[in-house]
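Taking it in order: structure first as structure tokens, then the write-up.
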Number of protein chains: 6
Amino acid sequence: MTPTTNEHPPIAERKEPTYLFTEKYVADKSEIARRFIETRARLNTNVDKAGNFLVKRFYNVDHNTYLEGALPAKTKELMGLVASACLRCDDYIFYHAIQAYRLGVTRAEQEEAINVAMVVGGSIVIPHLRRAYELLEEMYG
Amino acid sequence: MTPTTNEHPPIAERKEPTYLFTEKYVADKSEIARRFIETRARLNTNVDKAGNFLVKRFYNVDHNTYLEGALPAKTKELMGLVASACLRCDDYIFYHAIQAYRLGVTRAEQEEAINVAMVVGGSIVIPHLRRAYELLEEMYG
Amino acid sequence: MTPTTNEHPPIAERKEPTYLFTEKYVADKSEIARRFIETRARLNTNVDKAGNFLVKRFYNVDHNTYLEGALPAKTKELMGLVASACLRCDDYIFYHAIQAYRLGVTRAEQEEAINVAMVVGGSIVIPHLRRAYELLEEMYG
Amino acid sequence: MTPTTNEHPPIAERKEPTYLFTEKYVADKSEIARRFIETRARLNTNVDKAGNFLVKRFYNVDHNTYLEGALPAKTKELMGLVASACLRCDDYIFYHAIQAYRLGVTRAEQEEAINVAMVVGGSIVIPHLRRAYELLEEMYG
Amino acid sequence: MTPTTNEHPPIAERKEPTYLFTEKYVADKSEIARRFIETRARLNTNVDKAGNFLVKRFYNVDHNTYLEGALPAKTKELMGLVASACLRCDDYIFYHAIQAYRLGVTRAEQEEAINVAMVVGGSIVIPHLRRAYELLEEMYG
Amino acid sequence: MTPTTNEHPPIAERKEPTYLFTEKYVADKSEIARRFIETRARLNTNVDKAGNFLVKRFYNVDHNTYLEGALPAKTKELMGLVASACLRCDDYIFYHAIQAYRLGVTRAEQEEAINVAMVVGGSIVIPHLRRAYELLEEMYG
């Protein structure tokens, strides 16, 4: 792909979402969340230390994807959840379910997002759905 | 998986969404949409004729997934779009982009949904993004 | 997808398969099977408790897929094994290999099913094949 | 992976299946089959000409996978169909559906195999199911 | 993911590769290449016009991935080919095979890269291998 | 697929690569490598014992894929790494990263290969990238 050069302004419209709950709050409610958050932080420290230029660029694009924009951040976190469940990645399912929780998404909304992934992605998604429900139970229970 | 037996009521909360535009309206605006809708209808006629019991059950579950519920139908159509783009299926990308359009989703919202799929799914999603943008241009242009 | 309405009769032809062995029998022979069965039961209890309507419908469709029909239940369990191995999901590989065992499928038949998945899906299937062979060894050994 | 050296005998048990119908017979019944078979033959000629050693070895392993063995060839062609539908590859769906037809598999059996793929693989399989049903209609109609 | 902030220098080490052949040269040798290049250019014009901020950022990251660096650009184009063949995307297979050709990669090298994808990804890669060989034949024939 | 019969000679050109380091050397430097190598050896013993004909043939084709040839063995191990990261398989990521290390590949080269997989395969690759970086840190640190 050829990079395009004429940068345009919409960057101003994007802004950081306001979290209702801290990562620590979620980690205190849910043991699954706590273990996930700690492992991710530990591994990311190692990635940061490596300082790979493209990885940093990619992390930056990724971060920008879930900001408030034309769609609310919480909708996009749920879309991240759908994508992760379709592609069957427990790590990202946990990540986006936790982020959505921190932004005030209800359990019913999380379940409906997971349903989209289950129906599009099939029964092979169900082992991940089971583990996601265990996390939901701990966070919302 | 063992089926569960105690049916519960939330069925009442689900209802058909209200479309702002008919399939015909979209087909008249976009040649890509028209071809997609016609081919899908022709092939579905053949599937319906076969009358396979499980296929009908699956179509029914699928239909129920995108009704108004805890999340608005238009959000779930966009989630269907994210899932389809992640899994790289032009047919379902077109289907959900058209459905979202019919429910009044803006082009900026469609683009943000596709961005989630692009970042989660990588550059391999981009050939599908290109074809999706061609459809968006015809529908919204 | 639009749901089809003219229900047709083949439902009568489907019936529950006759298992030669109980889950408990398999769990007693194989530690891998025992752990899988217990974890799955525990997580399913949690899913059942949530009572999500669409999840129940999906579980029901899933259950109907593997009944005796035009193809024997044991063939369809092996097909579930092929699908799970192709899509590289240990949970479902274990599930279908155990179900096939309970229906009297031989080890040679299980190996041939896994071979189809290995050849269609490539060497990336092999780590799953290795774990499947460990289960086969415990069940048939 | 390290190759294993102690070759063992089961090779004798494998044998070529007996086809009830020729490729030509299927091509005469179905335009979709005819186009698929011709394109595949044309492209394979080009691959054969290149004479790549590993490609030939892989084709050979692939060929051996679907011979009569512990499981009948027709069951394994249907398993190839399940795998191809799960992995969403029209080319191999057509290939295995045609092979299964040539071995005397009924339409109901083909539909049940496709159902396993649909339920395991989700609605994303349905566009492929629609095209498979078009082929089935032409072959069995 | 949290973006990392301490930018580091290796950017200087990356530089544009030197192409031995222009896109036009390849398009003149190969009809498949010509059609691919034209369609891609037409669709990209439409994407550029939309000016989506994140798409531009992603295109930029993508462009940087294949520059000369610790690994030669031609090795990374072949790696892009392997990735595209594994993930079974004709568009990107064609793109990277053409780029590799333009950088002076031999046909034998292209075939070995495709072999890695075939063995890792399985027979489901073979329909794509066949189409890739048709392109190779036109470019190198 | 029909097997091709006219065997041709290039087999002579392929030869085993020369490893700079033994598996034991890597296992002594990295606990992650040690655990991976031991588990794989244990499971492979079980697979070997089963003596499945097609599995042995497949292992043999797989082994031949990564020999010195038109491309150096170390390039092909890195391509195996790219393929494994794209297809998101920790087992094969570890396997190929260890093999590449044993052949003298630098850490910067491993990181660039992983970058290709990250950009082609998207953020869903990142949890695997994190675990790969942990292994790289142990091997090269």
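Residues are referred to by chain and number: the chain letter is A, B, ... according to the order shown in the structure tokens, the number counts from 1 in that chain, and ligands are numbered separately from 1 in the order shown.
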For chain D, list the residues within 6 Å of chain C, counting only C-alpha atoms, and write the list as a list in words.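 On the chain D side, the interface is Ala70, Leu71, Met79, Ala83 and Glu109 of chain D.
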All alpha helix (DSSP H) residues (DSSP, backbone) inside chain C, as a VMD selection string: chain C and resid 23 to 29 31 to 50 53 to 65 73 to 86 90 to 102 107 to 121 126 to 140
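The gap separating atom CA of B:Arg131 from atom CA of E:Arg40 is 9.8 Å, in Å to one decimal.
The list of residues with at least one atom within 12 Å of C:Arg102, based on only C-alpha atoms and without residues fewer than 4 positions apart in the same chain, reads Pro17, Thr18, Tyr19, Leu20, Phe21, Thr22, Glu23, Lys24, Tyr25, Val26, Ala27, Lys29, Ala33, Ala73, Lys74, Glu77, Leu78, Tyr95, His96, Ala97, Ile98, Thr106, Arg107, Met139 and Tyr140 of chain C.
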